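What follows is a short report on a single structure.
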Amino acid sequence: MKLATIRSVCCSVRVRASRPGSRFSGMSRGCLPVWTTNSRLTLRTASTVTSSGTSPTLTANFGKLFKEDEWSECSRSVGEVVQSTQEAIATLQRRSPDIQPLLVILQAGENGSMLEINKKVAGKIGLNVTQICLAKNCSEDEIIEELLKLNDDPKVHGVFLHLPPASLTSRVLNALKPEKDVDCISNLNIGRLVRGDMSKGFVPPMASAVLDLLGKHDASLKGKSVLLVGGQGPLRLALQCLIERSGMTVQTNHWNSNSLKTQVLQADAVFLLSAGNMDIPPSWARPETVIIHCESALEPDDDLIDLSSISGLAYLTAVYRAQNVTHGCSRWLQEQQYRPWNLRSCKLQPLNPVPTDIEISRAQTPKPVAQLAEEIGLLPEELEAYGRNKAKVQLSLLDRLHSQPDGKYVLVAGITPTPFGEGKTTVTVGLVQALSAHLKLNSFACLRQPSQGPTFGVKGGAAGGGYAQVIPMEEFNLHLTGDIHAITAANNLLAAAIDARMLHEATQSDKSLFNRLVPSVYGVRKFSPIQISRLRRLGIDKTDPASLTPEEVSSFVRLDLDPSQITWQRVVDTNDRFLRKITVGQASTEKGQIRETGFDIAVASEIMAILALADSLKDMKNRLARIVVGSSRSGEPVTAEDLGVSGALAVLMKDAIKPTLMQALEGTPVFVHAGPFANIAHGSSSVLADKLALKLVGQDGYVVTEAGFGADIGMEKFFNIKCRASGLRPNVMVLVATVRALKMHGGGPNVSAGAPLPKEYIDENLSLVAGGCHSNLKKQIQNAHLFGVPVVVALNVFKTDTQAEIDLVCQLAKECGASDAVPCQHWSKGGRGSLELAMAVKEAAGRPTNFQFLYNTEMPILEKIRTIAQKVYGAEDIDLSPEASSKIDYYNQQGYGSLPICMAKTHLSLSHMPDKKGTPTGFVLPIRDVRASVGAGFIFPLVGMEPFAGWSPSAIDGPGRKEVASCVFRLPLFHQHALRVRFG
């Protein structure tokens, strides 16, 4: 599209004259500019001959050009509207000092008359005006293209289309956003005007100006009759509606009507619309009749005229247009504020027996995600729909609601998990359904995204279960919005860059490498910002590539990666055991660069942990740049930024950083975002999802999120790692337990694959229940109290539980220090089955907290590990292997000693021994190795005497309802046997 000119309020002005021989010009349909015959607007009575032979006229004498020294002489109408608009802008700027209302004039040709008129008005009122001049012969598509840009520009609060009538097609008029249509020409705004709903629309500025003048002439308008002559389109329709709404009667007629003279004689006021060179003879009207010309002489193709001939009606119209722009700005600013929820709950009719999860999911019809977004106060531009049921949410929401107080922050964790599965996700979903659908409190669930590996493996999906699940569950569990695929692409791009760099360094000279890394483009060679950053790290303070010495060139181009020290592996989101170990570099083109490497499951990538901990796109990019992929032969760490790919990784992740909005069965909103493991990483959904949700629910709302594995792992990492990164502080923790799991921790027998459940887990056994409460349940409550967080125990009830067992758990949990303990039946009843839990959480969250971290990050790495082992796990001490000790020394030397700790140990016991249930004591925790996720920002010690055969630390955890091992192909054999037993 050819854009002729863009003018600001400071640009020069040219004004075009009316066509020769034409007293009137046709009214521009929809754009509503002004007309004048001279410097006066005629508000005249009919002709009655006086003694002097002249006709008395009533004139509104404010048609002079508004120079600064003459402004005080303008009409009372202009002054009043200017003053009220000035006050409105001052009020806006008190609320938001940076706000500045902006009117854009979009026109064909470079006529500056409209800019000059609106500029003078804007100068008095305090708003900005910009003129966009398209080519005279611009097409409809070119106009619409420009309108769409203006629609998307949040700085533009009003658009005035000063275009020829032929250009104001229906497509053009309705391409303009109604909230920026300050001249009221779109179908929607005209419809609002007709209906009388002006809460969102506008009154056409010329109509306001004409009625203002009529009111000044005759304050008592009720019962008067008005005749509209000629014209069509928005102005005529608007005048007709407004006149009738003012208590006057209105008639319409055209110029060649035989009844025109009769109607003029009967009218109290006559409005002449689109008169051409026509006028009303004075003899047709009664002496007191007011005749107002509503004309347009400033067409885009008129010849230049003297600006002093412009009438006061033009200025009064411009003033009302400025008032509309101010109203539009005020509405926009109001829309940017927090919006109260208007959540419509979806009805749930639980069946007995409870159908399968997929049957329940498909029996419920989810609300369109756009409707859900509107109900919770999201703006349309903050939503990126992925089909009907899910959408990404823009991070700009955090800026819009930055001053909005956060809601209450609730963490759901569990006792040490067993093969039964304790149901943290179902509790999370059931709790938010109870809070929103039944207690009518704003609430949000924040969950992790499941990996394809466990979904198609033993574990299954992670959407919850029964009548407490996220829907549609198949969309939730399969692909979702592609975040894991983005992580896979970014991870493998980095892996490819590593091998490519080693190949090129092994086969090329320094000069050849330098020419590849800093190529000459159009004869100019320069460093990129990421390369300048690398030079700075090398201590080279130069920006001209030609100024580097040969030694500096060599240092710059050679990372000298040690193939045996590469720690970065490729990933795939499938349980493919044959990719555990692979050999790369075997093709002849790879020139002998053979090395062993392997694949992890995609969600074990450090990039997943980075996604979960980043609080902005910039923060994510910085973390990606810090990823350490290995070390050089001299022992120096090599990062993604050294490889020059951190920007590319961020680009691949630019959409994945946005949380995905879905809903629970009862219409409660859910954010699904990130799925880091709870052993090799911190096991929680993203910081960004929590922050967005806390703003959306409002000060009295609730955000409920969960932590992977038991409280000794998931909760501890949530508090020590995630809360440090986010700055968020929890109000209460919900500790999930089941009678069957408590029986196992209380001394119940182990389960065997394929064998019937022992009777201890089916029949009532109060002693086993009490044993589990006094051991594992009590210890996990105490662990939460280490951080100063109150605990509510949620007993996830199964049909084999007896009332005596349920009552005993609730009683003993309170005795062990829980603020409250309640039974939950959300799986079979939905939110109604968690009402008691919701009320207990509400009460506990209202109490003051004294949150504190378990350790100071400035403590030595060894002491941080020992603190977790002794205080959380109950170990007597730790046993550090020589390899782990040397790694700690290395990390301290590299400046990583202040990072928090992320322990990688079995989730099946408080100790490092999976078969030790309850609360093991008297053990020493062995630390066989220590590694670092520098990009994510934590050190992870590997706990255990020897690594499992075929095991990597990425294999233990995965997000979801039962929190058992995700990456089955990497698990030890006895874990795999346990996983094959499915309960409930």
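Identifiers in this document derive from the order of the structure tokens: chains are assigned A, B, ..., residues are numbered from 1 separately in each chain, and ligands are numbered from 1 in order of occurrence.
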
Handout entry: Polymer residues at most 8 Å from Gly944 of chain A, only C-alpha atoms, same-chain spacing of 3 or more positions, as a VMD selection string
Key = chain A and resid 905 912 925 to 928 947

Problem - Neighbour list for Pro472 of chain A as a ChimeraX atom specification, cut-off 8 Å, only C-alpha atoms, skip fewer than 3 positions in-chain - result: /A:361-362,366,389,475-476

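The shell of residues at most 12 Å from Leu333 of chain A, with only C-alpha atoms counted and near chain neighbours (fewer than 2 positions) removed, consists of Ile89, Thr91, Leu92, Gln93, Arg95, Ser96, Pro97, Asp98, Ile99, Gln100, Pro101, Pro154, Lys155, Val156, His157, Glu179, Thr326, His327, Gly328, Cys329, Ser330, Arg331, Glu335, Gln336, Gln337, Tyr338, Arg339, Arg400 and Leu401 of chain A.
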
Problem - Atom pair atom CA of Cys346 of chain A / atom CA of Ser436 of chain A: separation (Å) - result: 10.7 Å

Exercise for the section: Give me, please, the distance in Å between atom CA of Pro281 of chain A and atom CA of Gln240 of chain A, quoted to one decimal. Expected result: 23.3 Å

Give me, as CSV, each residue of segment 316-416 of chain A that comes within 12 Å of segment 662-667 of chain A, together with its shortest interatomic pair and the distance in Å at one decimal, counting only C-alpha atoms, with rows ordered by chain and rising residue number.
residue,atom,partner,partner_atom,distance
A:Asn342,CA,A:Gly667,CA,11.6
A:Leu343,CA,A:Gly667,CA,7.9
A:Arg344,CA,A:Gly667,CA,6.9
A:Ser345,CA,A:Gly667,CA,5.0
A:Cys346,CA,A:Glu666,CA,4.5
A:Lys347,CA,A:Glu666,CA,6.2
A:Leu348,CA,A:Glu666,CA,6.5
A:Gln349,CA,A:Glu666,CA,10.2
A:Pro350,CA,A:Leu665,CA,11.0
A:Asp357,CA,A:Leu665,CA,11.1
A:Ile358,CA,A:Leu665,CA,11.9
A:Ile360,CA,A:Leu665,CA,8.7
A:Ser361,CA,A:Leu665,CA,7.4
A:Arg362,CA,A:Leu665,CA,10.1
A:Ala363,CA,A:Leu665,CA,9.7
A:Gln364,CA,A:Leu665,CA,6.8
A:Thr365,CA,A:Leu665,CA,8.5
A:Pro366,CA,A:Gly667,CA,7.0
A:Lys367,CA,A:Gly667,CA,7.0
A:Pro368,CA,A:Met662,CA,9.6
A:Val369,CA,A:Met662,CA,7.0
A:Ala370,CA,A:Met662,CA,10.4
A:Gln371,CA,A:Gly667,CA,10.6
A:Leu372,CA,A:Gly667,CA,7.8
A:Ala373,CA,A:Met662,CA,9.5
A:Glu375,CA,A:Gly667,CA,10.3
A:Ile376,CA,A:Gly667,CA,11.0
A:Leu383,CA,A:Met662,CA,11.9
A:Ala385,CA,A:Met662,CA,10.7
A:Tyr386,CA,A:Met662,CA,10.5
A:Gly387,CA,A:Met662,CA,11.2
A:Arg388,CA,A:Met662,CA,10.1
A:Asn389,CA,A:Met662,CA,6.6
A:Lys390,CA,A:Met662,CA,5.1
A:Ala391,CA,A:Met662,CA,7.2
A:Lys392,CA,A:Met662,CA,9.3
A:Val393,CA,A:Met662,CA,10.6

Residues just named, written with N, CA and C atoms as a compact mmCIF listing (two decimals), in the first residue's frame:
# COMPACT_ATOMS: atom_id res chain seq x y z
N ASN A 342 -17.24 -12.95 35.88
CA ASN A 342 -18.64 -13.29 35.65
C ASN A 342 -18.69 -14.74 35.18
N LEU A 343 -18.15 -15.62 36.03
CA LEU A 343 -17.94 -17.03 35.64
C LEU A 343 -19.25 -17.80 35.68
N ARG A 344 -19.53 -18.44 34.57
CA ARG A 344 -20.71 -19.32 34.50
C ARG A 344 -20.25 -20.76 34.72
N SER A 345 -20.75 -21.35 35.78
CA SER A 345 -20.38 -22.73 36.08
C SER A 345 -21.14 -23.69 35.18
N CYS A 346 -20.48 -24.78 34.85
CA CYS A 346 -21.12 -25.83 34.05
C CYS A 346 -21.72 -26.87 34.99
N LYS A 347 -22.96 -27.25 34.72
CA LYS A 347 -23.64 -28.21 35.59
C LYS A 347 -23.00 -29.58 35.47
N LEU A 348 -22.96 -30.25 36.61
CA LEU A 348 -22.39 -31.59 36.67
C LEU A 348 -23.40 -32.52 37.34
N GLN A 349 -23.66 -33.64 36.71
CA GLN A 349 -24.59 -34.62 37.25
C GLN A 349 -23.87 -35.96 37.39
N PRO A 350 -23.17 -36.16 38.51
CA PRO A 350 -22.38 -37.37 38.69
C PRO A 350 -23.24 -38.64 38.64
N ASP A 357 -12.87 -42.12 32.89
CA ASP A 357 -12.49 -40.72 32.74
C ASP A 357 -12.85 -40.17 31.36
N ILE A 358 -12.60 -40.93 30.33
CA ILE A 358 -12.86 -40.44 28.99
C ILE A 358 -14.35 -40.31 28.74
N ILE A 360 -16.58 -39.53 31.03
CA ILE A 360 -16.99 -38.32 31.75
C ILE A 360 -16.58 -37.08 30.97
N SER A 361 -15.37 -37.08 30.47
CA SER A 361 -14.88 -35.92 29.72
C SER A 361 -15.74 -35.64 28.50
N ARG A 362 -16.07 -36.67 27.75
CA ARG A 362 -16.83 -36.48 26.51
C ARG A 362 -18.30 -36.19 26.77
N ALA A 363 -18.78 -36.50 27.96
CA ALA A 363 -20.19 -36.23 28.27
C ALA A 363 -20.42 -34.76 28.61
N GLN A 364 -19.35 -34.03 28.92
CA GLN A 364 -19.48 -32.62 29.28
C GLN A 364 -19.09 -31.76 28.08
N THR A 365 -19.87 -30.72 27.82
CA THR A 365 -19.55 -29.79 26.74
C THR A 365 -18.84 -28.58 27.32
N PRO A 366 -17.55 -28.41 27.01
CA PRO A 366 -16.83 -27.24 27.56
C PRO A 366 -17.30 -25.94 26.93
N LYS A 367 -17.17 -24.88 27.69
CA LYS A 367 -17.47 -23.56 27.15
C LYS A 367 -16.42 -23.19 26.11
N PRO A 368 -16.80 -22.42 25.09
CA PRO A 368 -15.77 -21.91 24.18
C PRO A 368 -14.73 -21.14 24.96
N VAL A 369 -13.47 -21.33 24.61
CA VAL A 369 -12.40 -20.72 25.40
C VAL A 369 -12.48 -19.20 25.35
N ALA A 370 -13.00 -18.62 24.27
CA ALA A 370 -13.15 -17.17 24.20
C ALA A 370 -14.17 -16.70 25.23
N GLN A 371 -15.23 -17.47 25.43
CA GLN A 371 -16.24 -17.12 26.45
C GLN A 371 -15.64 -17.22 27.84
N LEU A 372 -14.90 -18.31 28.10
CA LEU A 372 -14.24 -18.47 29.39
C LEU A 372 -13.30 -17.30 29.66
N ALA A 373 -12.53 -16.91 28.66
CA ALA A 373 -11.59 -15.81 28.82
C ALA A 373 -12.31 -14.51 29.17
N GLU A 375 -15.18 -14.26 30.67
CA GLU A 375 -15.75 -14.39 32.02
C GLU A 375 -14.73 -14.11 33.11
N ILE A 376 -13.45 -14.38 32.85
CA ILE A 376 -12.44 -14.18 33.89
C ILE A 376 -11.64 -12.90 33.68
N LEU A 383 -5.63 -13.12 24.01
CA LEU A 383 -5.92 -14.54 23.79
C LEU A 383 -5.47 -14.96 22.41
N ALA A 385 -6.18 -18.23 20.32
CA ALA A 385 -6.95 -19.47 20.33
C ALA A 385 -6.24 -20.59 19.58
N TYR A 386 -6.26 -21.76 20.15
CA TYR A 386 -5.81 -23.00 19.51
C TYR A 386 -7.03 -23.91 19.42
N GLY A 387 -7.88 -23.64 18.43
CA GLY A 387 -9.13 -24.37 18.35
C GLY A 387 -10.17 -23.76 19.28
N ARG A 388 -11.18 -24.55 19.59
CA ARG A 388 -12.33 -24.05 20.37
C ARG A 388 -12.10 -24.14 21.87
N ASN A 389 -11.25 -25.06 22.31
CA ASN A 389 -11.22 -25.41 23.73
C ASN A 389 -9.98 -24.96 24.49
N LYS A 390 -9.02 -24.40 23.81
CA LYS A 390 -7.79 -24.00 24.50
C LYS A 390 -7.18 -22.80 23.81
N ALA A 391 -6.41 -22.04 24.55
CA ALA A 391 -5.81 -20.82 24.00
C ALA A 391 -4.59 -20.44 24.81
N LYS A 392 -3.63 -19.84 24.12
CA LYS A 392 -2.48 -19.24 24.79
C LYS A 392 -2.89 -17.86 25.32
N VAL A 393 -2.27 -17.45 26.42
CA VAL A 393 -2.56 -16.15 27.03
C VAL A 393 -1.29 -15.30 26.96

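DSSP, applied to the backbone of this structure, assigns strand (DSSP E) to the following residues of segment 590-661 of chain A: Arg595, Glu596, Thr597, Phe599, Asp600, Ile601, Val628, Val629, Gly630, Ser631, Pro637, Val638, Thr639, Thr660 and Leu661 of chain A.
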
Same residues, all heavy atoms, output as an mmCIF file, in the first residue's frame:
data_model
loop_
_atom_site.group_PDB
_atom_site.id
_atom_site.type_symbol
_atom_site.label_atom_id
_atom_site.label_comp_id
_atom_site.auth_asym_id
_atom_site.auth_seq_id
_atom_site.Cartn_x
_atom_site.Cartn_y
_atom_site.Cartn_z
ATOM 1 N N ARG A 595 31.292 -40.244 18.511
ATOM 2 C CA ARG A 595 31.205 -40.234 19.973
ATOM 3 C C ARG A 595 29.898 -40.850 20.412
ATOM 4 O O ARG A 595 28.919 -40.909 19.670
ATOM 5 C CB ARG A 595 31.335 -38.819 20.532
ATOM 6 C CG ARG A 595 30.163 -37.902 20.260
ATOM 7 C CD ARG A 595 30.385 -36.514 20.858
ATOM 8 N NE ARG A 595 29.250 -35.644 20.651
ATOM 9 C CZ ARG A 595 28.248 -35.498 21.535
ATOM 10 N NH1 ARG A 595 28.254 -36.172 22.677
ATOM 11 N NH2 ARG A 595 27.242 -34.673 21.279
ATOM 12 N N GLU A 596 29.873 -41.298 21.642
ATOM 13 C CA GLU A 596 28.656 -41.859 22.222
ATOM 14 C C GLU A 596 27.843 -40.750 22.883
ATOM 15 O O GLU A 596 28.392 -39.869 23.534
ATOM 16 C CB GLU A 596 28.984 -42.942 23.248
ATOM 17 C CG GLU A 596 29.385 -44.269 22.654
ATOM 18 C CD GLU A 596 29.412 -45.365 23.710
ATOM 19 O OE1 GLU A 596 29.226 -45.050 24.905
ATOM 20 O OE2 GLU A 596 29.619 -46.544 23.340
ATOM 21 N N THR A 597 26.565 -40.819 22.686
ATOM 22 C CA THR A 597 25.655 -39.888 23.360
ATOM 23 C C THR A 597 24.346 -40.636 23.590
ATOM 24 O O THR A 597 24.350 -41.870 23.653
ATOM 25 C CB THR A 597 25.460 -38.602 22.525
ATOM 26 O OG1 THR A 597 24.577 -37.717 23.216
ATOM 27 C CG2 THR A 597 24.901 -38.900 21.157
ATOM 28 N N PHE A 599 19.621 -40.208 24.147
ATOM 29 C CA PHE A 599 18.397 -39.430 24.198
ATOM 30 C C PHE A 599 17.812 -39.496 25.612
ATOM 31 O O PHE A 599 17.781 -40.570 26.230
ATOM 32 C CB PHE A 599 17.363 -39.977 23.216
ATOM 33 C CG PHE A 599 17.532 -39.500 21.810
ATOM 34 C CD1 PHE A 599 18.493 -40.062 20.987
ATOM 35 C CD2 PHE A 599 16.726 -38.495 21.297
ATOM 36 C CE1 PHE A 599 18.647 -39.634 19.685
ATOM 37 C CE2 PHE A 599 16.872 -38.059 19.989
ATOM 38 C CZ PHE A 599 17.840 -38.634 19.182
ATOM 39 N N ASP A 600 17.357 -38.365 26.101
ATOM 40 C CA ASP A 600 16.489 -38.320 27.282
ATOM 41 C C ASP A 600 15.061 -38.110 26.802
ATOM 42 O O ASP A 600 14.821 -37.792 25.633
ATOM 43 C CB ASP A 600 16.888 -37.171 28.206
ATOM 44 C CG ASP A 600 18.221 -37.410 28.889
ATOM 45 O OD1 ASP A 600 18.549 -38.580 29.152
ATOM 46 O OD2 ASP A 600 18.935 -36.420 29.142
ATOM 47 N N ILE A 601 14.108 -38.260 27.710
ATOM 48 C CA ILE A 601 12.741 -37.891 27.361
ATOM 49 C C ILE A 601 12.649 -36.367 27.359
ATOM 50 O O ILE A 601 13.335 -35.677 28.132
ATOM 51 C CB ILE A 601 11.723 -38.534 28.320
ATOM 52 C CG1 ILE A 601 10.331 -38.508 27.702
ATOM 53 C CG2 ILE A 601 11.749 -37.884 29.680
ATOM 54 C CD1 ILE A 601 9.356 -39.471 28.360
ATOM 55 N N VAL A 628 24.938 -24.720 30.347
ATOM 56 C CA VAL A 628 26.271 -25.293 30.188
ATOM 57 C C VAL A 628 26.127 -26.647 29.499
ATOM 58 O O VAL A 628 25.445 -27.547 30.010
ATOM 59 C CB VAL A 628 26.977 -25.449 31.544
ATOM 60 C CG1 VAL A 628 28.312 -26.176 31.373
ATOM 61 C CG2 VAL A 628 27.194 -24.086 32.185
ATOM 62 N N VAL A 629 26.736 -26.792 28.334
ATOM 63 C CA VAL A 629 26.586 -28.019 27.539
ATOM 64 C C VAL A 629 27.765 -28.966 27.719
ATOM 65 O O VAL A 629 27.732 -30.111 27.257
ATOM 66 C CB VAL A 629 26.418 -27.680 26.050
ATOM 67 C CG1 VAL A 629 25.186 -26.827 25.835
ATOM 68 C CG2 VAL A 629 27.665 -27.003 25.483
ATOM 69 N N GLY A 630 28.815 -28.521 28.327
ATOM 70 C CA GLY A 630 30.015 -29.334 28.525
ATOM 71 C C GLY A 630 31.156 -28.431 28.942
ATOM 72 O O GLY A 630 30.953 -27.288 29.364
ATOM 73 N N SER A 631 32.363 -28.943 28.815
ATOM 74 C CA SER A 631 33.529 -28.145 29.169
ATOM 75 C C SER A 631 34.605 -28.297 28.104
ATOM 76 O O SER A 631 34.629 -29.268 27.340
ATOM 77 C CB SER A 631 34.073 -28.551 30.546
ATOM 78 O OG SER A 631 34.447 -29.921 30.542
ATOM 79 N N PRO A 637 33.790 -24.114 31.426
ATOM 80 C CA PRO A 637 32.432 -24.442 30.970
ATOM 81 C C PRO A 637 32.126 -23.777 29.636
ATOM 82 O O PRO A 637 32.528 -22.645 29.389
ATOM 83 C CB PRO A 637 31.534 -23.903 32.089
ATOM 84 C CG PRO A 637 32.353 -22.840 32.750
ATOM 85 C CD PRO A 637 33.777 -23.281 32.644
ATOM 86 N N VAL A 638 31.382 -24.474 28.788
ATOM 87 C CA VAL A 638 30.965 -23.957 27.490
ATOM 88 C C VAL A 638 29.443 -23.826 27.511
ATOM 89 O O VAL A 638 28.727 -24.784 27.855
ATOM 90 C CB VAL A 638 31.412 -24.873 26.343
ATOM 91 C CG1 VAL A 638 30.901 -24.344 24.997
ATOM 92 C CG2 VAL A 638 32.932 -24.990 26.317
ATOM 93 N N THR A 639 28.948 -22.656 27.145
ATOM 94 C CA THR A 639 27.517 -22.367 27.250
ATOM 95 C C THR A 639 26.857 -22.264 25.881
ATOM 96 O O THR A 639 27.532 -22.196 24.842
ATOM 97 C CB THR A 639 27.289 -21.038 28.010
ATOM 98 O OG1 THR A 639 27.808 -19.971 27.204
ATOM 99 C CG2 THR A 639 27.979 -21.056 29.366
ATOM 100 N N THR A 660 -1.200 -21.999 28.679
ATOM 101 C CA THR A 660 -2.377 -22.444 27.930
ATOM 102 C C THR A 660 -3.596 -22.454 28.851
ATOM 103 O O THR A 660 -3.556 -23.032 29.943
ATOM 104 C CB THR A 660 -2.161 -23.853 27.353
ATOM 105 O OG1 THR A 660 -1.038 -23.816 26.476
ATOM 106 C CG2 THR A 660 -3.390 -24.316 26.582
ATOM 107 N N LEU A 661 -4.663 -21.810 28.408
ATOM 108 C CA LEU A 661 -5.904 -21.735 29.179
ATOM 109 C C LEU A 661 -6.838 -22.865 28.780
ATOM 110 O O LEU A 661 -7.123 -23.059 27.594
ATOM 111 C CB LEU A 661 -6.589 -20.394 28.946
ATOM 112 C CG LEU A 661 -7.958 -20.178 29.609
ATOM 113 C CD1 LEU A 661 -7.820 -20.163 31.130
ATOM 114 C CD2 LEU A 661 -8.599 -18.874 29.119
#

Exercise for the section: Pick out each residue of segment 482-618 of chain A that DSSP on the backbone tags as helix (DSSP H, G or I); I need them as an MDAnalysis selection string. Expected result: chainID A and resid 483:507 510:517 529:537 545:547 550:557 563:565 577:579 588:590 602:604 606:613 617:618

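Computed from the coordinates, the atom CA of Gly598 of chain A to atom CA of Tyr891 of chain A distance equals 24.5 Å.
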
Practice task
Compile the contact shell of Gly126 of chain A as a ChimeraX atom specification: residues with an atom at most 12 Å away, counting only C-alpha atoms, same-chain residues fewer than 3 positions apart removed.
Solution key: /A:9,82-90,92-93,99-103,118-123,129,319,322-323,325-326

Handout entry: Shell of 9 Å around Gln593 of chain A, only C-alpha atoms, local chain residues under 3 positions omitted, as a ChimeraX atom specification
Key = /A:499,502-503,506,584-586,590

Output of the above residues as a PDB file, in the first residue's frame, restricted to N, CA, C and O atoms:
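Result file result15.pdb:
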ATOM      1  N   ASP A 499      27.721 -30.589  17.975  1.00  0.00           N
ATOM      2  CA  ASP A 499      28.448 -31.497  17.083  1.00  0.00           C
ATOM      3  C   ASP A 499      28.987 -30.761  15.860  1.00  0.00           C
ATOM      4  O   ASP A 499      30.101 -31.042  15.395  1.00  0.00           O
ATOM      5  N   MET A 502      32.132 -28.789  16.898  1.00  0.00           N
ATOM      6  CA  MET A 502      33.298 -29.650  17.078  1.00  0.00           C
ATOM      7  C   MET A 502      33.847 -30.122  15.736  1.00  0.00           C
ATOM      8  O   MET A 502      35.066 -30.208  15.540  1.00  0.00           O
ATOM      9  N   LEU A 503      32.940 -30.424  14.786  1.00  0.00           N
ATOM     10  CA  LEU A 503      33.373 -30.846  13.463  1.00  0.00           C
ATOM     11  C   LEU A 503      34.150 -29.738  12.756  1.00  0.00           C
ATOM     12  O   LEU A 503      35.235 -29.961  12.205  1.00  0.00           O
ATOM     13  N   ALA A 506      37.548 -29.050  14.214  1.00  0.00           N
ATOM     14  CA  ALA A 506      38.504 -30.129  13.964  1.00  0.00           C
ATOM     15  C   ALA A 506      39.013 -30.140  12.529  1.00  0.00           C
ATOM     16  O   ALA A 506      40.048 -30.754  12.241  1.00  0.00           O
ATOM     17  N   VAL A 584      27.019 -41.255  17.392  1.00  0.00           N
ATOM     18  CA  VAL A 584      26.861 -40.285  16.313  1.00  0.00           C
ATOM     19  C   VAL A 584      28.202 -40.088  15.617  1.00  0.00           C
ATOM     20  O   VAL A 584      29.261 -40.438  16.152  1.00  0.00           O
ATOM     21  N   GLY A 585      28.166 -39.534  14.409  1.00  0.00           N
ATOM     22  CA  GLY A 585      29.386 -39.203  13.684  1.00  0.00           C
ATOM     23  C   GLY A 585      29.918 -40.325  12.826  1.00  0.00           C
ATOM     24  O   GLY A 585      31.106 -40.327  12.484  1.00  0.00           O
ATOM     25  N   GLN A 586      29.070 -41.281  12.445  1.00  0.00           N
ATOM     26  CA  GLN A 586      29.555 -42.437  11.706  1.00  0.00           C
ATOM     27  C   GLN A 586      29.522 -42.251  10.187  1.00  0.00           C
ATOM     28  O   GLN A 586      30.110 -43.043   9.457  1.00  0.00           O
ATOM     29  N   GLU A 590      31.121 -36.892   8.268  1.00  0.00           N
ATOM     30  CA  GLU A 590      31.378 -36.417   9.632  1.00  0.00           C
ATOM     31  C   GLU A 590      32.831 -36.587  10.040  1.00  0.00           C
ATOM     32  O   GLU A 590      33.215 -36.258  11.157  1.00  0.00           O
TER      33      GLU A 590
END
